[in-house]
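One structure is given below, encoded as structure tokens.
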Amino acid sequence: MEVPKDLLYTTEHEWIRVEGEQVYLGITDYAQDQLGDIVFVELPELETEVITGDAIAVVESVKAVSSVYSPVSGTVVESNIELEDLPELLNEEPYSNHIAVINISDPDELEDLMSPADYEAFCAEQE
Amino acid sequence: MSKLIFEKNLKGSNSFTLPPADIPEVDITSSIPASFLRETAPALPDISEVEAVRHFVDLSHRAYGVDNGFYPLGSCTMKYSPKINEWAARLPGFTSIHPYQSVETVQGAMELLYNMQNMLAEITGMDAVTLQPAAGAHGEMTGVMIIKAYHQGRNDQGRTKMMVPDSAHGTNPATANVVGYDVVEVKSNRRGLVDLEDLKSKMSPEIAGLMLTNPNTLGLFEEEIQDIAAVVHDGGGLLYYDGANLNAVMGISRPGDMGFDVVHLNLHKTFSTPHGGGGPGSGPVGVKSYLADYLPVPMVDKKDDKYIFVYDRPLSIGKVKNFYGNFGVIVKAYAYILALGAEGIKDAAQQAVLNANYLRQHLKKDYHIPFDRLCKHEFVATAKRQVDENGVITLDIAKRLTDYGFHPPTVYFPLIVKEALMIEPTETETRERLDDFLQAMASIAEEARNHPEIVTNAPHNAVITRVDEVTAARKPVVKWEDDS
Amino acid sequence: MKYTPNSPAIVEDMLRSAGFNSLDELFSDVPEAIRLDRKLKLGPGRSEIELTRELKGLAAKNLNTEDYPCFLGAGAYDHYIPAAIDQLLLRSEFYTAYTPYQAEINQGILQSIFEYQSMICMLTGMDVANASMYDGGSALAEACVLACANSKGKKVLLPDTVHPEYQQILQTYAISGKMEIVIVPSTAGVCDLEKMISLIDEDTACVVIQQPNFFGHLEEVEKLADAVHRNKGFLVMAVDPISLAILKPPADVGADIVVGEGQALGNSLSFGGPYLGFFAATKKFLRRLPGRIVGQTTDTEGRRAFVLTLQAREQHIRREKANSNICSNQALNALAATMYLTLIGSTGLQAIAVRCHQLAVYAARELEKAGLKLKYKAPFFREFAVLLDDPARANRRLLENGIIGGYELEDAMLLAFTEKRTGAEIDQLVAVLGGEA
Ligand SMILES: Cc1ncc(COP(=O)(O)O)c(C=O)c1O
């Protein structure tokens with residue numbers, strides 16, 4: 001299972017890439033593997049104001065469904081509409097395909113996210 | 001490949017006709033303004049009666065019902081549906097009565113409903129029963145609405161949550177949500193039963209009740225049911241009985257005596273009415289006396305030898321369905337209960353439990369059984385050994401079983417057991433059938449060991465091989481499109 | 001009768017081979033205190049001969065529409081059912097099957113559902129349909145739940161020309177706190193458009209309209225559709241499937257969700273059930289519909305195949321996040337509807353719809369000639385209300401004359417006409433009701 005070193009992670013098996021004021025958000029390799037073939041991604045609407053822990057997207061596979069929770073507070077500034085037609089991108093390259101981009105309102109919240117090492121340990125515990 | 005009905009169109013071959021009209025055949029445009037009228041007719045099939053009949057007969061050849069063979073679909077109680085019940089429900093005195101006929105003209109139907117309410121109350125140990133809900137999930141919704149109305153009626157407004165075990169059927173948490181409750185999941189303990197400590201820790205003034213099935217979805221009797229009831233009741237909650245599994249204990253132990261306040265039944269499981277390829281069912285709801293006022297309208301009552309509908313019930317939750325329920329289904333279940341009588345009902349439960357334990361004992365040679373002890377009408381086996389040793393999963397075993405002529409068990413449910421195969425033989429199976437099934441399961445275990453590809457590529461004898469469910473869900477095609 | 005096939009000797013053998021000494025031992029996990037220490041009070045089991053006697057006896061106490069011409073409608077209709085349907089429904093591969101979870105051995109049932117979904121789309125003009133709901137009323141409630149779940153508001157507006165039982169069912173479902181039902185008084189038997197439009201606001205999740213409405217009249221829908229769409233709400237329609245042979249498909253008047261009672265399509269009256277609710281919608285709702293949906297796909301050899309699809313919407317996967325809890329539906333009734341539409345065909349369905357309408361028009365004229373007045377003047381399809389001082393008394397008189405009369409309103413009787421009725425029967429009806437003028 002792949003856990004890139006340049007990203008941050010959550011206990012909900014999401015990855016976060018910080019670029020200035022913005023965070024890119026996606027699901028991890030572990031998450032896509034657990035879900036199986038992803039068939040649909042319900043994307044957040046642009047301009048949605050979110051607070052940490054809000055469910056902002058839904059990822060569906062044939063036999064499972066999983067919410068994507070915002071790891072930060074802020075405003076949704078982009079949804080990856082490519083996923084509308086190609087949800088399988090999340091299976092194929094989970095770390096190259098984000099779900100949404102959020103403009104963060106409180107950078108301190110990033111402190112609560114997991115490092116790659118912590119996340120790997122967390123996944124190991126799940127087994 | 002079989003053609004769709006639309007692909008069998010032969011323009012002009014439908015010859016349905018009406019009798020000649022004995023009234024003036026006025027042009028509809030003279031009485032309905034054109035703005036309401038459609039311009040082109042719907043493109044329904046144009047096909048002769050003989051070809052239509054052949055089409056559906058052909059479809060039936062590619063379907064599998066209880067009459068085709070063993071159907072150990074756990075949680076679904078696929079027992080034999082007696083033919084006399086089909087006959088009864090087709091009597092013109094039952095099929096050809098309008099729900100709004102005056103009650104004087106339908107006293108036979110009313111009597112049947114009234115008797116049925118009483119018989120189901122007796123079987124469940126409840127005080128009052130409605131026959132209105134259309135299926136199990138609909139009964140759950142009705143029952144949970146009654147719980148909500150009860151708390152509201154007592155001005156107990158803080159109860160916003162419903163407890164549901166982690167082993168519960170999906171309809172339980174979904175029902176709680178649909179009625180507007182947040183769901184609190186109660187853990188199962190190592191014995192596969194409700195974890196009493198977890199339950200106690202989660203009981204609070206915010207809890208409206210607990211939804212439970214007994215025996216539970218693992219086929220295990222909740223031995224501590226009285227303690228569970230005490231915890232819920234002492235905390236001010238109510239106890240809901242999902243009656244999907246009543247077949248195991250009818251005539252032996254009644255939900256009402258176990259401490260349940262509300263129950264629903266699945267007449268299409270326990271009481272033998274056929275499942276129709278997905279429905280119709282019927283999901284009567286029984287309640288204790290203190291909840292009777294909340295039952296839907298109308299109730300059927302008897303007054304001076306006359307059966308009547310009672311609508312004047314101010315506390316009632318209202319209506320959950322048009323009219324009075326799935327009457328045609330109720331007729332079949334009524335015939336079934338009459339046929340069996342008190343002793344037959346108990347006998348059915350005993351034999352159902354015997355058949356399940358017989359399978360469990362003999363299946364464990366080849367399959368892992370996570371809770372291997374006395375079960376009720378069903379039990380859960382798994383493909384753990386086959387997964388670990390041969391890379392053969394539950395789904396493969398299910399598909400391979402169809403090659404042997406059996407309907408597969410319920411798979412991947414309950415969710416708390418990995419690779420679950422939930423097996424419910426029901427009481428209507430002979431030992432010979434059960435032995436045939438055991439033989440097939442043993443052969444599959446053997447194949448998994450020596451030729452796993454036979455199992456992983458199954459089915460081999462079906463009209464199609466495995467289907468591409470992923471594409472079906474990614475690029476849904478849910479209706480026929482005319483490409484011509 | 002018993003349907004348990006193992007003889008006592010075999011039962012003994014099985015008990016022993018499973019490691020038990022007695023049947024009682026199989027229940028040793030049931031605490032003594034909650035065991036039933038008596039027989040159920042159900043009486044003895046019956047033989048098949050007794051059973052037939054008893055059930056025939058009950059059935060014989062009901063006046064039925066085979067023997068009495070019936071003018072009742074109000075949501076359930078006495079249409080002719082082609083003989084082939086029941087013969088086919090009795091094929092037990094269909095009726096004793098469970099929901100087709102295992103696609104490979106149930107292609108026949110899956111295909112029939114796919115055909116059903118296609119036909120519902122043809123009738124309504126909508127993009128997608130599910131495999132059926134319990135009935136018209138509960139389908140309407142689920143349609144409103146769906147509208148609310150997909151909109152910011154939670155107000156459900158409907159005129160009181162919607163079937164009173166549908167109104168009640170909606171009110172009941174609203175105990176969830178997720179919907180707020182607002183019933184708007186009608187004028188002259190149809191929705192008060194001006195009033196309704198004035199009530200539509202940002203908090204409106206949907207407007208519900210029944211077509212034809214409970215009183216049989218045709219509602220003007222387009223303006224409502226525009227108004228509710230402007231406020232980002234949805235138009236929900238409850239329609240009569242027979243009427244769709246001649247009336248504009250709901251899709252053409254702006255409906256977003258379309259439901260209806262499907263009983264009229266080949267299902268017997270059966271004292272109110274089992275019937276089926278059909279449920280169709282625009283594409284936008286495809287992944288949010290309640291209930292089962294069958295999709296077309298291929299097998300590993302590339303052959304066309306059918307399978308239950310988009311299951312991530314449903315209770316067994318979404319659990320406490322599911323917006324509907326429906327599991328079993330009315331599959332066999334939907335199959336009957338599919339057979340009906342196949343056997344009747346487009347021209348047949350049109351002929352039936354036209355005949356129903358013509359009979360209603362004829363009856364209205366004859367009643368007026370006999371000195372009676374219709375309650376409302378709006379155009380109707382196959383049902384209308386005729387004013388009477390004492391509808392209950394009129395119904396008693398009709399019954400004395402061998403006729404099952406109409407649905408009793410306070411000051412009127414709602415009469416329905418199907419293709420089974422004849423001019424001669426209507427003349428009789430008018431003769432009796434004329435005496436009430
Ligand atoms: C345990 C349990 N509860 C509830 C249900 C729901 O019943 P229905 O399908 O009649 O709605 C089922 C049916 O599968 C069940 O097995």
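All residue names refer to the structure tokens as shown: chains lettered A, B, ... in order, residues numbered from 1 in each chain, ligands numbered from 1 in order.
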
Kindly work out which residues sit at most 10 Å from ligand 1, using only C-alpha atoms and all ligand atoms, and give the list as a VMD selection string. (chain B and resid 73 to 77 133 to 141 167 to 172 175 212 to 218 241 to 246 264 to 269 275 278 to 283 410 413 to 414) or (chain C and resid 98 to 99 315 to 316 325 to 329)

Mind dumping the selected residues with C-alpha atoms as a compact mmCIF listing (two decimals), in the first residue's frame?
# COMPACT_ATOMS: atom_id res chain seq x y z
CA LEU B 73 -31.48 -17.73 1.55
CA GLY B 74 -30.77 -16.68 5.12
CA SER B 75 -33.10 -14.14 6.73
CA CYS B 76 -35.65 -14.61 3.94
CA THR B 77 -37.41 -17.80 5.13
CA PRO B 133 -47.99 -2.08 6.20
CA ALA B 134 -46.96 -3.57 2.86
CA ALA B 135 -43.70 -5.26 3.82
CA GLY B 136 -41.21 -5.77 6.62
CA ALA B 137 -39.47 -2.45 6.18
CA HIS B 138 -42.83 -0.69 5.96
CA GLY B 139 -43.84 -2.38 9.21
CA GLU B 140 -40.61 -1.21 10.79
CA MET B 141 -41.36 2.32 9.71
CA SER B 167 -25.55 -7.15 13.32
CA ALA B 168 -28.87 -5.59 12.27
CA HIS B 169 -30.45 -5.85 8.86
CA GLY B 170 -30.00 -2.67 6.80
CA THR B 171 -33.66 -1.79 7.01
CA ASN B 172 -33.37 -1.23 10.80
CA THR B 175 -35.91 2.95 9.14
CA LEU B 212 -33.80 -6.01 17.70
CA THR B 213 -34.52 -9.30 16.05
CA ASN B 214 -34.62 -12.46 18.14
CA PRO B 215 -33.16 -14.82 17.16
CA ASN B 216 -30.70 -12.34 15.73
CA THR B 217 -29.22 -12.25 12.25
CA LEU B 218 -26.60 -14.81 13.27
CA TYR B 241 -39.04 -6.56 17.47
CA ASP B 242 -38.05 -7.12 13.86
CA GLY B 243 -40.12 -10.22 13.19
CA ALA B 244 -38.17 -11.40 10.17
CA ASN B 245 -36.90 -14.29 12.25
CA LEU B 246 -40.08 -15.29 14.06
CA HIS B 264 -43.64 -6.35 12.87
CA LEU B 265 -44.09 -9.62 11.04
CA ASN B 266 -43.19 -10.60 7.51
CA LEU B 267 -46.12 -12.65 6.25
CA HIS B 268 -44.04 -13.32 3.15
CA LYS B 269 -41.46 -15.08 5.27
CA HIS B 275 -42.08 -13.59 -2.39
CA GLY B 278 -39.23 -9.31 -4.86
CA GLY B 279 -42.74 -8.72 -3.52
CA PRO B 280 -45.55 -8.20 -2.62
CA GLY B 281 -45.14 -8.86 1.03
CA SER B 282 -47.14 -7.84 4.05
CA GLY B 283 -45.77 -6.41 7.29
CA THR B 410 -27.50 -15.02 1.69
CA PHE B 413 -24.55 -10.50 5.65
CA PRO B 414 -24.57 -9.89 8.58
CA TYR C 98 -37.00 -13.98 -4.02
CA THR C 99 -35.57 -10.64 -5.12
CA GLN C 315 -30.60 0.36 2.89
CA HIS C 316 -28.37 -2.70 2.89
CA ASN C 325 -35.80 1.91 3.89
CA ILE C 326 -37.66 -0.01 1.19
CA CYS C 327 -36.46 -3.56 0.67
CA SER C 328 -39.21 -5.89 -0.63
CA ASN C 329 -41.38 -4.15 -3.18

Using only C-alpha atoms, determine which residues of chain C fall within 8 Å of chain A; present them as a ChimeraX atom specification. /C:309-312,317-318

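We find atom CA of Ser60 of chain B and atom CA of Glu86 of chain B to be spaced 18.0 Å apart.
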
As a list of chain:residue names, could you give me every residue of chain B near chain A (at most 10 Å apart, counting only C-alpha atoms)?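 The answer, sorted by residue number, is B:Glu469, B:Val470, B:Thr471, B:Ala472, B:Ala473, B:Arg474, B:Lys475, B:Pro476.
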
Between atom CA of Gln167 of chain C and atom CA of Ile32 of chain B, measure the distance and give it in Å to one decimal.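 Between atom CA of Gln167 of chain C and atom CA of Ile32 of chain B the gap works out to 26.8 Å.
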
Looking only at the backbone, which of the residues in segment 114-276 of chain C does DSSP tag as alpha helix (DSSP H), as a PyMOL selection string? chain C and resi 114-124+136-149+164-173+193-199+222-230

So which bits of segment 39-69 of chain A end up strand (DSSP E or B) when you DSSP the backbone, as a count of residues only? 18

Using only C-alpha atoms, which of C:Glu410, C:Asp160, C:Asp240, C:Asp24 sits nearest chain B?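 Residue with the minimum atom-to-atom distance to chain B: C:Asp24.
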
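The space separating atom CA of Glu109 of chain A from atom CA of Lys152 of chain C comes to 28.6 Å.
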
Give me, as a PyMOL selection string, all polymer residues having an atom no more than 6 Å from Val23 of chain A, counting only C-alpha atoms and skipping those fewer than 3 positions away in the same chain. chain A and resi 17-19+101-102

For those residues, write N, CA, C and O atoms to a file as a PDB file, in the first residue's frame.
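Full text of result.pdb as output:
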ATOM      1  N   ARG A  17      -3.058  17.703   0.435  1.00  0.00           N
ATOM      2  CA  ARG A  17      -1.843  18.374  -0.032  1.00  0.00           C
ATOM      3  C   ARG A  17      -2.061  19.873   0.150  1.00  0.00           C
ATOM      4  O   ARG A  17      -3.072  20.424  -0.313  1.00  0.00           O
ATOM      5  N   VAL A  18      -1.137  20.514   0.853  1.00  0.00           N
ATOM      6  CA  VAL A  18      -1.301  21.935   1.129  1.00  0.00           C
ATOM      7  C   VAL A  18      -0.537  22.741   0.095  1.00  0.00           C
ATOM      8  O   VAL A  18       0.639  22.486  -0.166  1.00  0.00           O
ATOM      9  N   GLU A  19      -1.241  23.677  -0.529  1.00  0.00           N
ATOM     10  CA  GLU A  19      -0.568  24.596  -1.464  1.00  0.00           C
ATOM     11  C   GLU A  19      -0.987  26.011  -1.112  1.00  0.00           C
ATOM     12  O   GLU A  19      -2.031  26.485  -1.538  1.00  0.00           O
ATOM     13  N   VAL A 101     -10.866  21.011  -3.870  1.00  0.00           N
ATOM     14  CA  VAL A 101      -9.873  21.953  -3.349  1.00  0.00           C
ATOM     15  C   VAL A 101     -10.616  22.907  -2.419  1.00  0.00           C
ATOM     16  O   VAL A 101     -11.680  23.417  -2.766  1.00  0.00           O
ATOM     17  N   ILE A 102     -10.032  23.098  -1.236  1.00  0.00           N
ATOM     18  CA  ILE A 102     -10.693  23.958  -0.253  1.00  0.00           C
ATOM     19  C   ILE A 102      -9.757  25.102   0.139  1.00  0.00           C
ATOM     20  O   ILE A 102      -8.573  24.884   0.400  1.00  0.00           O
TER      21      ILE A 102
END

Counting only C-alpha atoms, figure out which residue out of C:Phe384, C:Phe71, C:Tyr134, C:Phe417 gets nearest to chain B. C:Tyr134
